[in-house]
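Enquirer: Below is target.csv; it holds CSV, C-alpha atoms.
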```csv
chain,number,residue,atom,x,y,z
R,12,MET,CA,8.9,-15.5,5.5
R,13,ILE,CA,8.8,-14.3,1.9
R,14,LYS,CA,5.0,-14.0,1.8
R,15,VAL,CA,4.9,-12.1,5.2
R,16,GLY,CA,7.7,-9.9,4.1
R,17,LEU,CA,5.9,-9.2,0.8
R,18,ILE,CA,2.7,-8.3,2.6
R,19,LEU,CA,4.2,-6.0,5.2
R,20,GLY,CA,6.7,-4.5,2.8
R,21,ILE,CA,4.0,-3.4,0.3
R,22,ALA,CA,1.3,-2.5,2.8
R,23,GLY,CA,3.7,-0.2,4.7
R,24,ALA,CA,6.0,1.0,1.9
R,25,CYS,CA,8.8,-0.4,4.0
R,26,ARG,CA,12.5,-0.1,3.3
R,27,THR,CA,14.5,-3.3,3.6
R,28,ASP,CA,16.2,-2.3,6.9
R,29,GLU,CA,12.8,-1.4,8.4
R,30,LEU,CA,11.6,-5.0,7.7
R,31,VAL,CA,14.8,-6.4,9.1
R,32,ASN,CA,14.5,-4.5,12.3
R,33,LEU,CA,10.8,-5.1,12.8
R,34,THR,CA,10.0,-6.9,16.1
R,35,VAL,CA,7.0,-8.9,17.4
R,36,ASP,CA,6.3,-6.0,19.7
R,37,ASP,CA,5.9,-3.6,16.7
R,38,ILE,CA,2.8,-5.5,15.5
R,39,GLU,CA,-0.5,-5.6,17.2
R,40,ASP,CA,-3.1,-8.1,16.1
R,41,VAL,CA,-6.5,-6.6,16.8
R,42,GLY,CA,-8.5,-9.4,15.2
R,43,SER,CA,-9.8,-7.8,12.0
R,44,SER,CA,-6.4,-6.2,11.1
R,45,LEU,CA,-2.8,-5.7,12.1
R,46,ILE,CA,-1.5,-2.4,13.4
R,47,VAL,CA,2.2,-2.1,12.5
R,48,LYS,CA,4.6,0.5,13.9
R,49,ILE,CA,7.9,1.4,12.3
R,50,PRO,CA,9.6,3.4,15.1
R,51,ASN,CA,13.0,3.9,13.4
R,52,THR,CA,13.1,5.2,9.9
R,53,LYS,CA,15.7,6.7,7.6
R,54,THR,CA,13.9,10.1,7.8
R,55,LYS,CA,13.5,9.9,11.5
R,56,ILE,CA,9.7,10.0,11.1
R,57,PRO,CA,8.0,7.0,12.8
R,58,ARG,CA,5.2,5.5,10.8
R,59,ILE,CA,2.1,3.4,11.5
R,60,PHE,CA,0.2,1.4,8.9
R,61,VAL,CA,-2.5,-1.2,8.9
R,62,VAL,CA,-2.9,-4.6,7.2
R,63,THR,CA,-6.5,-5.5,6.8
R,64,ASP,CA,-8.1,-8.9,6.4
R,65,VAL,CA,-7.8,-9.1,2.6
R,66,GLY,CA,-7.5,-12.6,1.1
R,67,ASN,CA,-5.6,-14.7,3.6
R,68,MET,CA,-3.0,-12.1,4.6
R,69,LEU,CA,-3.8,-12.2,8.3
R,70,GLU,CA,-3.9,-16.0,8.3
R,71,LEU,CA,-0.5,-16.1,6.7
R,72,PHE,CA,0.9,-13.8,9.3
R,73,ARG,CA,-0.6,-15.7,12.2
R,74,LYS,CA,0.7,-19.0,10.8
R,75,TYR,CA,4.2,-17.6,10.4
R,76,LEU,CA,4.1,-16.2,14.0
R,77,SER,CA,2.9,-19.5,15.4
R,78,LEU,CA,6.0,-21.2,14.0
R,79,ARG,CA,8.3,-19.1,16.1
R,80,PRO,CA,10.3,-21.3,18.5
R,81,PRO,CA,9.6,-20.6,22.1
R,82,HIS,CA,13.3,-20.4,23.0
R,83,VAL,CA,14.1,-17.4,20.8
R,84,LYS,CA,15.8,-14.8,23.0
R,85,HIS,CA,15.5,-11.8,20.6
R,86,LYS,CA,12.3,-10.2,19.4
R,87,ARG,CA,13.1,-9.7,15.7
R,88,LEU,CA,10.1,-10.8,13.7
R,89,PHE,CA,11.7,-12.4,10.7
R,90,LEU,CA,13.5,-15.6,11.3
R,91,TYR,CA,15.1,-18.1,8.8
R,92,TYR,CA,12.6,-20.8,7.8
R,93,LYS,CA,14.3,-24.1,6.8
R,94,ALA,CA,13.0,-27.7,6.5
R,95,GLY,CA,9.5,-26.7,7.6
R,96,LYS,CA,10.7,-25.0,10.8
R,97,CYS,CA,11.7,-21.5,11.9
R,98,SER,CA,15.2,-21.2,13.4
R,99,SER,CA,16.2,-18.7,16.0
R,100,GLN,CA,18.5,-16.9,13.5
R,101,PRO,CA,17.1,-13.5,12.4
R,102,VAL,CA,16.9,-12.7,8.7
R,103,GLY,CA,19.6,-10.3,7.5
R,104,LYS,CA,19.3,-7.3,5.1
R,105,ASN,CA,20.7,-9.2,2.1
R,106,THR,CA,18.2,-12.0,2.4
R,107,MET,CA,15.3,-9.6,3.0
R,108,GLY,CA,16.4,-7.5,0.0
R,109,LYS,CA,16.1,-10.5,-2.3
R,110,ILE,CA,12.4,-11.0,-1.7
R,111,PRO,CA,11.4,-9.0,-4.9
R,112,SER,CA,13.8,-11.0,-7.0
R,113,VAL,CA,12.5,-14.3,-5.7
R,114,VAL,CA,9.0,-13.2,-6.6
R,115,ALA,CA,10.1,-12.0,-10.0
R,116,SER,CA,11.8,-15.4,-10.6
R,117,TYR,CA,8.7,-17.3,-9.6
R,118,LEU,CA,6.6,-15.1,-12.0
R,119,LYS,CA,9.2,-15.7,-14.7
R,120,LEU,CA,9.8,-12.0,-15.2
R,121,PRO,CA,12.8,-10.8,-17.2
R,122,ASP,CA,15.9,-9.2,-15.6
R,123,VAL,CA,15.2,-10.8,-12.2
R,124,ALA,CA,18.3,-9.1,-10.7
R,125,CYS,CA,16.8,-5.7,-11.3
R,126,TYR,CA,14.1,-6.4,-8.6
R,127,THR,CA,15.8,-5.1,-5.5
R,128,GLY,CA,14.5,-4.7,-2.0
R,129,HIS,CA,13.4,-1.1,-2.9
R,130,CYS,CA,10.7,-2.6,-5.1
R,131,LEU,CA,8.4,-3.2,-2.2
R,132,ARG,CA,8.4,0.4,-1.2
R,133,ARG,CA,8.1,1.6,-4.8
R,134,SER,CA,5.3,-0.8,-5.5
R,135,SER,CA,3.3,0.5,-2.5
R,136,ALA,CA,3.6,4.1,-3.7
R,137,THR,CA,2.8,3.1,-7.3
R,138,LEU,CA,-0.4,1.3,-6.2
R,139,LEU,CA,-1.5,4.3,-4.3
R,140,ALA,CA,-0.8,6.7,-7.2
R,141,ASP,CA,-2.6,4.4,-9.6
R,142,ALA,CA,-5.6,4.4,-7.2
R,143,GLY,CA,-5.8,8.2,-7.6
R,144,VAL,CA,-4.5,9.0,-4.1
R,145,ASP,CA,-3.2,12.6,-3.6
R,146,ILE,CA,0.4,13.5,-3.1
R,147,THR,CA,0.0,14.4,0.6
R,148,THR,CA,-1.4,10.9,1.4
R,149,ILE,CA,1.4,9.1,-0.5
R,150,LYS,CA,4.0,11.3,1.2
R,151,ARG,CA,2.6,10.6,4.6
R,152,HIS,CA,2.2,6.9,4.0
R,153,ALA,CA,5.9,6.4,2.9
R,154,GLY,CA,7.3,8.9,5.4
R,155,TRP,CA,8.9,11.2,2.8
R,156,LYS,CA,9.8,14.7,3.9
R,157,SER,CA,9.9,16.1,0.4
R,158,THR,CA,7.0,16.1,-2.0
R,159,THR,CA,9.4,15.7,-5.0
R,160,VAL,CA,9.5,11.9,-4.9
R,161,ALA,CA,5.7,11.6,-4.3
R,162,GLU,CA,5.0,13.9,-7.2
R,163,GLY,CA,7.0,11.6,-9.4
R,164,TYR,CA,4.7,8.6,-8.6
R,165,VAL,CA,1.6,10.7,-9.2
R,166,GLU,CA,2.9,12.1,-12.5
R,167,ASN,CA,3.8,8.6,-13.7
R,168,SER,CA,0.7,6.8,-12.5
R,169,ILE,CA,-1.5,4.9,-14.9
R,170,GLU,CA,-4.6,6.8,-13.8
R,171,ASN,CA,-3.0,10.2,-14.3
R,172,LYS,CA,-1.7,9.1,-17.7
R,173,THR,CA,-5.2,7.9,-18.6
R,174,LYS,CA,-6.8,11.3,-17.5
R,175,ILE,CA,-4.2,13.1,-19.7
R,176,ALA,CA,-5.0,10.8,-22.6
R,177,ASN,CA,-8.7,11.5,-22.3
R,178,GLN,CA,-8.1,15.2,-22.1
R,179,VAL,CA,-5.9,15.2,-25.2
R,180,LEU,CA,-7.8,12.6,-27.3
R,181,VAL,CA,-11.4,12.9,-26.2
R,182,GLY,CA,-11.5,16.4,-24.8
R,183,THR,CA,-13.0,15.4,-21.4
R,184,THR,CA,-11.9,17.3,-18.3
R,185,THR,CA,-12.2,16.9,-14.6
R,186,SER,CA,-13.5,20.4,-14.0
R,187,ALA,CA,-16.2,20.6,-11.5
R,188,ILE,CA,-19.6,21.7,-12.9
R,189,THR,CA,-22.5,22.6,-10.6
R,190,LYS,CA,-26.0,22.3,-11.9
R,191,THR,CA,-28.9,23.3,-9.7
R,192,VAL,CA,-32.4,22.1,-10.7
R,193,ASN,CA,-35.5,23.0,-8.9
R,194,VAL,CA,-38.1,20.2,-9.1
R,195,SER,CA,-41.7,20.8,-8.1
R,196,GLU,CA,-44.7,18.6,-8.3
R,197,SER,CA,-45.6,20.1,-11.7
R,198,ASN,CA,-42.3,19.1,-13.3
R,199,ILE,CA,-41.2,16.2,-11.3
R,200,SER,CA,-41.0,14.1,-14.5
R,201,SER,CA,-38.4,16.4,-16.0
R,202,ASN,CA,-35.4,14.6,-17.5
R,203,ILE,CA,-31.8,15.7,-16.9
R,204,ASN,CA,-29.2,14.2,-19.3
R,205,PHE,CA,-25.5,13.9,-18.6
R,206,GLU,CA,-22.8,12.9,-21.1
R,207,ASN,CA,-19.1,12.2,-20.9
R,208,CYS,CA,-19.1,12.7,-17.1
R,209,THR,CA,-16.9,11.1,-14.4
R,210,ASN,CA,-17.0,11.4,-10.7
R,211,VAL,CA,-20.6,12.8,-10.7
R,212,THR,CA,-22.1,13.8,-7.3
R,213,PHE,CA,-25.8,14.3,-6.8
R,214,ASN,CA,-27.0,16.4,-3.8
R,215,LEU,CA,-30.7,16.1,-3.2
R,216,ASN,CA,-32.4,18.7,-1.0
R,217,VAL,CA,-36.0,17.9,-0.1
R,218,ASN,CA,-38.1,20.9,1.0
R,219,LYS,CA,-41.4,20.0,2.6
```
Now, as a test, write the supplied structure out as C-alpha cells.

Expert:
Amino acid sequence: MIKVGLILGIAGACRTDELVNLTVDDIEDVGSSLIVKIPNTKTKIPRIFVVTDVGNMLELFRKYLSLRPPHVKHKRLFLYYKAGKCSSQPVGKNTMGKIPSVVASYLKLPDVACYTGHCLRRSSATLLADAGVDITTIKRHAGWKSTTVAEGYVENSIENKTKIANQVLVGTTTSAITKTVNVSESNISSNINFENCTNVTFNLNVNK
C-alpha cells in the first residue's frame, strides 16, 4: 500500500484525501501506462495524470491490485494490508498521511514527524520545478487556481537557483541569440565557434 500510495501521490501531486477517495474505477490500465482520474478535488478542478512504465511502478500497482479480495463491496483502491493479505477495510486519512513519515523513517532522515501527507504533493511540484517546467504546467498539474504557489516552487527550484548563480558568478545568461550563416560550396569548411552556451538550437536550411 505504501509503495503504490507513494507512486500515485508523487506522480499526480495528490492530496491525502484524494488518495484516500481514489477508487479502482478511477484508474485505467492501458498496458504501457496508467491513466488516473481525480474527479473530486479541493479546488473543484478535476485532474488526470499518467503513470508511465518507469522501473517497476506498473508491476507494483498490478500486484497490489491482484491482492484485492473478491468479496470487497466498496470500490476504494487502498485497503489495509496485513499478514501478507489485503483486508476489505479501506485505508483512512490518518494512515495515508503517514506514508511520507514511514519513508523518511526507512531512509533514516531526521525529524521524521515533519514529513506529513502534504509532502507527496510538494515533492511532485518540486521535481517539476527542478526539471525546469514552467509555472503554467506546474499549476495545471497540481490543480492550483492561483499562480502564487506555483511561482514559489519555481523560484526555489534548484535549477532556477543554478541559473541565477551562473548569471551572478559566471556572467552567463539565457538570452536568445540568433546567428545566420550562409554556407556555400566555396566556404563549406568554415568553422563556427560557440562558447559558454546552453540550450543551443541549430536550424539547417538546405537550398538546392

Enquirer: Could you check which of R:Gly163, R:Gly23, R:Pro80, R:Gly16 is closest to Pro57 (chain R), using only C-alpha atoms?

Expert: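 The shortest atom-to-atom distance to Pro57 (chain R) comes from R:Gly23.
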
Enquirer: Name the closest residue to Leu71 (chain R) among the candidates R:Leu19, R:Thr137, R:Asp145, R:Ala161; distances are taken between atoms, counting only C-alpha atoms.

Expert: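 Closest to Leu71 (chain R), using only C-alpha atoms: R:Leu19.
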
Enquirer: Need the shell around Val165 (chain R): protein/DNA/RNA residues with any atom at most 10 Å away, counting all atoms listed in the file. Skip same-chain ones fewer than 2 positions apart. Format as a list in words?

Expert: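 Answer for this query is Ala136, Thr137, Leu139, Ala140, Asp141, Ala142, Gly143, Val144, Asp145, Ile146, Ile149, Val160, Ala161, Glu162, Gly163, Asn167, Ser168, Ile169, Glu170, Asn171 and Lys172 of chain R.
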
Enquirer: If we count only C-alpha atoms, what is near Lys74 (chain R) at a cut-off of 12 Å, once residues fewer than 3 positions away on the same chain are taken out, given as a list of chain:residue names?

Expert: R:Met12, R:Lys14, R:Val15, R:Asn67, R:Met68, R:Leu69, R:Glu70, R:Leu71, R:Ser77, R:Leu78, R:Arg79, R:Lys96, R:Cys97

Enquirer: For Leu30 (chain R), which residue out of R:Ser98, R:Ser43, R:Thr106, R:Ser112 is the nearest one, using all atoms listed in the file?

Expert: R:Thr106

Enquirer: Out of R:Asn105, R:Asp36, R:Tyr117, R:Ile13, which residue has the shortest atom-to-atom distance to Leu88 (chain R) when counting all atoms listed in the file?

Expert: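 Among the listed residues, the smallest separation from Leu88 (chain R) belongs to R:Asp36.
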
Enquirer: Taking 5 positions as the minimum chain separation for residues in the same chain, which residues sit within 10 Å of region 118-132 of chain R when counting all atoms listed in the file? Answer as a list in words.

Expert: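 The residues satisfying every condition are Gly16, Leu17, Ile18, Leu19, Gly20, Ile21, Ala22, Gly23, Ala24, Cys25, Arg26, Thr27, Asp28, Lys104, Asn105, Thr106, Met107, Gly108, Lys109, Ile110, Pro111, Ser112, Val113, Thr137 and Ala153 of chain R.
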
Enquirer: One decimal, Å: what's the distance from CA of Ile46 (chain R) over to CA of Thr148 (chain R), could you say?

Expert: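 So the two atoms, CA of Ile46 (chain R) and CA of Thr148 (chain R), lie 17.9 Å apart.
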
Enquirer: Kindly indicate which residue among R:Leu90, R:Val31, R:Lys156, R:Thr173 lies nearest to Asn51 (chain R), using only C-alpha atoms for the distances.

Expert: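 Between R:Leu90, R:Val31, R:Lys156, R:Thr173, the residue approaching Asn51 (chain R) most closely is R:Val31.
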
Enquirer: Please indicate the distance in Å from CA of Pro50 (chain R) to CA of His152 (chain R), rounded to one decimal place.

Expert: 13.8 Å

Enquirer: Rank nothing, just name the residue among R:Val35, R:Val41, R:Val61, R:Ala115 nearest to Lys84 (chain R), using only C-alpha atoms.

Expert: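 The answer is R:Val35, which sits nearest to Lys84 (chain R).
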